[in-house]
>>> print(open('my_file.txt').read())   # compact mmCIF, C-alpha atoms
# COMPACT_ATOMS: atom_id res chain seq x y z
CA SER A 7 6.55 38.39 26.67
CA SER A 8 5.52 42.04 26.88
CA ASP A 9 4.92 44.44 24.05
CA VAL A 10 2.93 47.37 25.41
CA CYS A 11 4.29 50.92 25.12
CA SER A 12 4.95 51.77 28.74
CA SER A 13 7.98 53.06 30.61
CA ASP A 14 7.26 50.45 33.32
CA LEU A 15 8.13 47.74 30.81
CA LEU A 16 11.66 49.10 30.71
CA ASP A 17 12.08 48.14 34.38
CA ARG A 18 13.28 44.61 33.49
CA PRO A 19 15.68 45.66 30.69
CA LEU A 20 17.13 48.35 33.00
CA ALA A 21 17.51 45.82 35.83
CA LEU A 22 19.34 43.44 33.45
CA ILE A 23 21.69 46.13 32.15
CA LYS A 24 22.50 47.24 35.71
CA GLU A 25 23.34 43.60 36.59
CA SER A 26 25.62 43.60 33.51
CA MET A 27 27.35 46.76 34.71
CA LYS A 28 28.03 45.12 38.06
CA ALA A 29 29.23 41.85 36.48
CA TYR A 30 31.47 43.73 34.05
CA SER A 31 33.09 45.71 36.88
CA GLU A 32 34.61 42.44 38.15
CA ILE A 33 36.24 41.53 34.82
CA LYS A 34 39.95 42.27 34.29
CA ASP A 35 40.22 41.16 30.67
CA TYR A 36 38.33 39.15 28.09
CA LYS A 37 38.44 37.63 24.63
CA CYS A 38 35.35 37.26 22.48
CA THR A 39 34.12 37.02 18.92
CA LEU A 40 32.13 40.00 17.69
CA PHE A 41 29.60 39.48 14.92
CA GLN A 42 28.79 42.92 13.57
CA LEU A 43 26.02 43.58 11.08
CA GLU A 44 24.79 47.13 10.67
CA ARG A 45 23.28 49.56 8.23
CA PHE A 46 25.62 52.47 7.50
CA LYS A 47 24.70 55.47 5.34
CA GLY A 48 21.55 53.65 4.21
CA LYS A 49 23.41 50.54 3.05
CA MET A 50 23.60 47.18 4.81
CA GLN A 51 27.26 46.39 5.40
CA PRO A 52 28.67 42.87 5.07
CA GLU A 53 28.84 40.90 8.30
CA ASN A 54 32.12 41.42 10.12
CA VAL A 55 33.55 38.67 12.31
CA ILE A 56 36.14 40.11 14.64
CA THR A 57 38.20 38.54 17.43
CA VAL A 58 38.34 41.05 20.26
CA GLN A 59 40.81 40.98 23.16
CA SER A 60 40.48 43.68 25.77
CA MET A 61 41.83 44.75 29.12
CA THR A 62 39.36 46.65 31.28
CA GLN A 63 41.45 48.68 33.78
CA PRO A 64 43.10 50.43 32.11
CA PHE A 65 41.11 50.02 28.90
CA ALA A 66 42.98 48.69 25.86
CA ILE A 67 41.64 46.72 22.91
CA HIS A 68 42.93 44.57 20.04
CA MET A 69 40.64 43.65 17.15
CA LYS A 70 41.41 41.20 14.32
CA TRP A 71 39.04 40.58 11.39
CA SER A 72 38.39 37.15 9.88
CA GLU A 73 35.33 38.21 7.79
CA PRO A 74 34.41 39.61 5.36
CA ARG A 75 37.08 38.19 3.12
CA SER A 76 38.13 41.70 2.02
CA SER A 77 39.00 42.53 5.66
CA ARG A 78 40.60 39.20 6.64
CA GLY A 79 43.82 39.82 8.58
CA GLN A 80 43.04 43.49 9.28
CA GLU A 81 43.97 44.52 12.83
CA ALA A 82 43.46 47.51 15.08
CA ILE A 83 45.07 48.14 18.47
CA TYR A 84 44.05 50.98 20.75
CA ASN A 85 45.63 51.83 24.08
CA PRO A 86 44.53 55.28 25.30
CA THR A 87 47.02 55.24 28.17
CA LYS A 88 49.79 55.38 25.51
CA ASP A 89 48.03 57.55 22.91
CA ILE A 90 44.43 58.72 23.31
CA LYS A 91 44.07 60.09 19.75
CA ASN A 92 45.71 57.34 17.70
CA MET A 93 45.52 53.62 17.13
CA ARG A 94 47.85 51.16 15.46
CA VAL A 95 46.36 49.47 12.40
CA LYS A 96 47.38 46.84 9.92
CA GLY A 97 45.51 46.58 6.64
CA ALA A 98 44.09 43.46 5.05
CA GLY A 99 45.69 41.71 2.08
CA LEU A 100 48.61 43.42 0.39
CA LEU A 101 48.17 46.51 2.58
CA GLY A 102 49.06 44.29 5.53
CA ALA A 103 52.53 43.76 4.07
CA VAL A 104 53.39 47.31 5.16
CA GLY A 105 52.82 46.25 8.77
CA PHE A 106 51.32 48.41 11.49
CA ILE A 107 50.90 52.15 10.98
CA THR A 108 49.61 54.86 13.31
CA LEU A 109 46.20 56.29 12.41
CA ASP A 110 43.97 58.88 14.08
CA ILE A 111 40.94 57.09 15.59
CA LYS A 112 38.68 59.54 13.72
CA ASP A 113 40.48 59.28 10.37
CA PRO A 114 37.95 58.93 7.51
CA LYS A 115 39.64 55.67 6.42
CA ALA A 116 39.01 54.19 9.86
CA CYS A 117 35.36 55.31 9.83
CA ALA A 118 34.61 54.51 6.18
CA ASN A 119 32.34 51.51 6.90
CA ASN A 120 31.45 51.96 10.54
CA ARG A 121 29.42 54.34 12.70
CA HIS A 122 31.72 53.85 15.69
CA THR A 123 35.33 54.64 16.44
CA ILE A 124 37.63 52.18 18.23
CA ASP A 125 37.40 54.12 21.50
CA GLU A 126 33.67 53.19 21.50
CA ALA A 127 34.41 49.44 21.17
CA GLY A 128 34.20 46.82 23.90
CA PHE A 129 31.72 45.52 26.45
CA GLU A 130 31.94 48.51 28.79
CA ASN A 131 30.97 50.94 26.03
CA LEU A 132 28.20 48.66 24.77
CA ILE A 133 26.72 48.22 28.25
CA LYS A 134 26.93 51.96 28.96
CA ARG A 135 25.36 52.86 25.60
CA LEU A 136 22.47 50.42 26.20
CA HIS A 137 21.99 51.64 29.78
CA ASP A 138 21.95 55.33 28.81
CA GLY A 139 19.66 54.73 25.84
CA TRP A 140 17.19 52.66 27.84
CA GLU A 141 17.17 55.25 30.64
CA GLU A 142 16.25 57.90 28.05
CA ASP A 143 13.54 55.62 26.62
CA ALA A 144 12.02 55.28 30.11
CA LYS A 145 12.00 59.08 30.52
CA ARG A 146 10.23 59.56 27.18
CA LYS A 147 7.28 57.51 28.50
CA GLY A 148 5.89 55.71 25.54
CA GLY A 149 6.56 54.73 22.00
CA THR A 150 9.12 52.02 22.69
CA GLN A 151 7.83 48.47 22.44
CA VAL A 152 9.43 45.96 24.80
CA SER A 153 9.47 42.20 24.39
CA ILE A 154 11.16 39.88 26.91
CA SER A 155 11.56 36.16 26.38
CA PHE A 156 13.99 33.31 27.07
CA ALA A 157 16.34 31.66 24.59
CA THR A 158 19.39 29.43 24.35
CA VAL A 159 22.37 30.92 22.52
CA HIS A 160 25.53 28.82 22.01
CA ASP A 161 24.33 26.45 24.77
CA LYS A 162 23.83 29.34 27.21
CA GLU A 163 20.47 30.09 28.82
CA CYS A 164 19.64 33.73 28.12
CA GLU A 165 17.04 36.36 28.72
CA ARG A 166 16.22 38.04 25.39
CA VAL A 167 15.30 41.72 25.42
CA GLU A 168 13.93 43.36 22.29
CA LEU A 169 13.23 47.08 22.16
CA THR A 170 11.60 48.51 19.04
CA HIS A 171 11.51 52.26 18.65
CA PRO A 172 8.95 54.23 16.70
CA GLU A 173 9.92 56.43 13.76
CA SER A 174 11.42 59.54 15.31
CA GLN A 175 10.96 63.03 13.89
CA ASP A 176 13.55 64.54 16.24
CA GLY A 177 16.22 61.96 15.42
CA TYR A 178 16.43 60.88 19.07
CA PHE A 179 16.63 57.12 18.60
CA LEU A 180 20.04 55.76 17.59
CA PHE A 181 18.54 52.42 16.58
CA TYR A 182 15.21 51.25 15.28
CA LYS A 183 15.59 47.97 17.15
CA ASN A 184 17.81 46.55 19.94
CA ILE A 185 17.93 42.82 20.52
CA VAL A 186 20.16 41.82 23.41
CA TYR A 187 20.68 38.36 24.93
CA PHE A 188 21.76 38.41 28.57
CA ASP A 189 23.57 35.27 29.76
CA LYS A 190 21.77 34.06 32.90
CA VAL A 191 25.05 32.96 34.50
CA SER A 192 27.52 35.74 33.66
CA ARG A 193 24.79 38.43 33.46
CA LEU A 194 26.65 39.90 30.45
CA PRO A 195 25.18 40.53 27.01
CA LEU A 196 26.16 37.92 24.42
>>> encode(input="my_file.txt", output="structure tokens")
Amino acid sequence: SSDVCSSDLLDRPLALIKESMKAYSEIKDYKCTLFQLERFKGKMQPENVITVQSMTQPFAIHMKWSEPRSSRGQEAIYNPTKDIKNMRVKGAGLLGAVGFITLDIKDPKACANNRHTIDEAGFENLIKRLHDGWEEDAKRKGGTQVSISFATVHDKECERVELTHPESQDGYFLFYKNIVYFDKVSRLPL
């Protein structure tokens, strides 16, 4: 475990994220469960549990919510090769009875409880965002605390990377803390 503020300590997280980029480049499609818990506009949002199915080349994504209860059955489909500005969505509950409608990916209704739009979803975007952020952290030389350890997650041996950022006056850091588990076999973040 390391926790000293030094850009050299970002060498291992950067090596892991580059291995993830390489591993991801060999994937054609995937299905996973996304557990999303984030603070938005100063308020902790309820945990979302979303089944994600995605094609990688070309990128397309389908998301279906099972939690929270108020979002159960909600769906979003985005295929930028067909329409780069819009997605197809189906509301939860009674709104779902209407079926799928077309909605701009930046529509305020689509972004009401989330900091990200659907075109930012998926493994590729996550890996790229982590890579770019960690590269910037290394350039800033200091302030970011790094902790690396090993853990088992859902019966998978993982390398756990935790980056904690200092308070930032210039608003640079997108997150106060990143915790990422890299599967030792697939090399992808869990």
>>> closest_residue(input="my_file.txt", among="A:Thr108, A:Thr170, A:Ser26, A:Ser153", to="A:Glu81", atoms="all atoms listed in the file")
A:Thr108
>>> closest_residue(input="my_file.txt", among="A:Met50, A:Cys117, A:Ala103, A:Met61", to="A:Glu32", atoms="only C-alpha atoms")
A:Met61
>>> atom_distance(input="my_file.txt", atom1="atom CA of A:Ala144", atom2="atom CA of A:Asp14")
7.5 Å
>>> closest_residue(input="my_file.txt", among="A:Val95, A:Ala21, A:Ile33, A:Ile90", to="A:Thr62", atoms="only C-alpha atoms")
A:Ile33
>>> closest_residue(input="my_file.txt", among="A:Arg135, A:Ile124, A:Trp71, A:Ala116", to="A:Ile83", atoms="only C-alpha atoms")
A:Ile124
>>> residues_around(input="my_file.txt", residues="stretch 189-194 of chain A", least_positions_apart="5", cutoff="7 Å", atoms="all atoms listed in the file", output="MDAnalysis selection string")
chainID A and resid 25:26 29 162:165
>>> closest_residue(input="my_file.txt", among="A:Pro52, A:Phe129, A:Val159, A:Gly79", to="A:Leu40", atoms="all atoms listed in the file")
A:Phe129
>>> closest_residue(input="my_file.txt", among="A:Lys37, A:Lys145, A:Lys28, A:Lys91", to="A:Leu15", atoms="only C-alpha atoms")
A:Lys145
>>> atom_distance(input="my_file.txt", atom1="atom CA of A:Lys88", atom2="atom CA of A:His122")
20.6 Å
>>> atom_distance(input="my_file.txt", atom1="atom CA of A:Ile67", atom2="atom CA of A:Glu130")
11.5 Å
>>> residues_around(input="my_file.txt", residues="A:Tyr182", least_positions_apart="6", cutoff="9 Å", atoms="only C-alpha atoms", output="ChimeraX atom specification")
/A:169-173
>>> residues_around(input="my_file.txt", residues="A:Leu136", least_positions_apart="6", cutoff="9 Å", atoms="all atoms listed in the file", output="PDB file with C-alpha atoms, keeping the file's coordinate frame")
ATOM      1  CA  LEU A  20      17.130  48.350  33.000  1.00  0.00           C
ATOM      2  CA  ILE A  23      21.690  46.130  32.150  1.00  0.00           C
ATOM      3  CA  ASN A 184      17.810  46.550  19.940  1.00  0.00           C
TER       4      ASN A 184
END
>>> decode(input="my_file.txt", residues="stretch 108-134 of chain A", atoms="C-alpha atoms", output="short mmCIF file (atom, residue, chain, number, x, y, z; two decimals), in the first residue's frame")
data_model
loop_
_atom_site.label_atom_id
_atom_site.label_comp_id
_atom_site.auth_asym_id
_atom_site.auth_seq_id
_atom_site.Cartn_x
_atom_site.Cartn_y
_atom_site.Cartn_z
CA THR A 108 -36.94 10.02 -28.97
CA LEU A 109 -35.11 12.40 -26.64
CA ASP A 110 -32.08 14.65 -27.12
CA ILE A 111 -29.15 13.17 -25.15
CA LYS A 112 -28.68 16.57 -23.47
CA ASP A 113 -32.35 17.13 -22.65
CA PRO A 114 -32.76 18.41 -19.06
CA LYS A 115 -35.09 15.46 -18.28
CA ALA A 116 -32.34 13.03 -19.26
CA CYS A 117 -29.75 14.87 -17.14
CA ALA A 118 -31.99 15.63 -14.15
CA ASN A 119 -30.28 13.16 -11.76
CA ASN A 120 -26.99 12.47 -13.46
CA ARG A 121 -23.76 14.30 -14.27
CA HIS A 122 -23.20 12.27 -17.44
CA THR A 123 -25.01 11.91 -20.73
CA ILE A 124 -25.56 8.53 -22.39
CA ASP A 125 -22.80 9.17 -24.94
CA GLU A 126 -20.39 9.16 -21.95
CA ALA A 127 -21.57 5.72 -20.75
CA GLY A 128 -19.75 2.41 -21.14
CA PHE A 129 -16.38 0.88 -20.39
CA GLU A 130 -14.48 2.70 -23.12
CA ASN A 131 -15.53 6.11 -21.82
CA LEU A 132 -14.84 5.11 -18.21
CA ILE A 133 -11.36 3.81 -19.03
CA LYS A 134 -10.55 6.90 -21.12
#
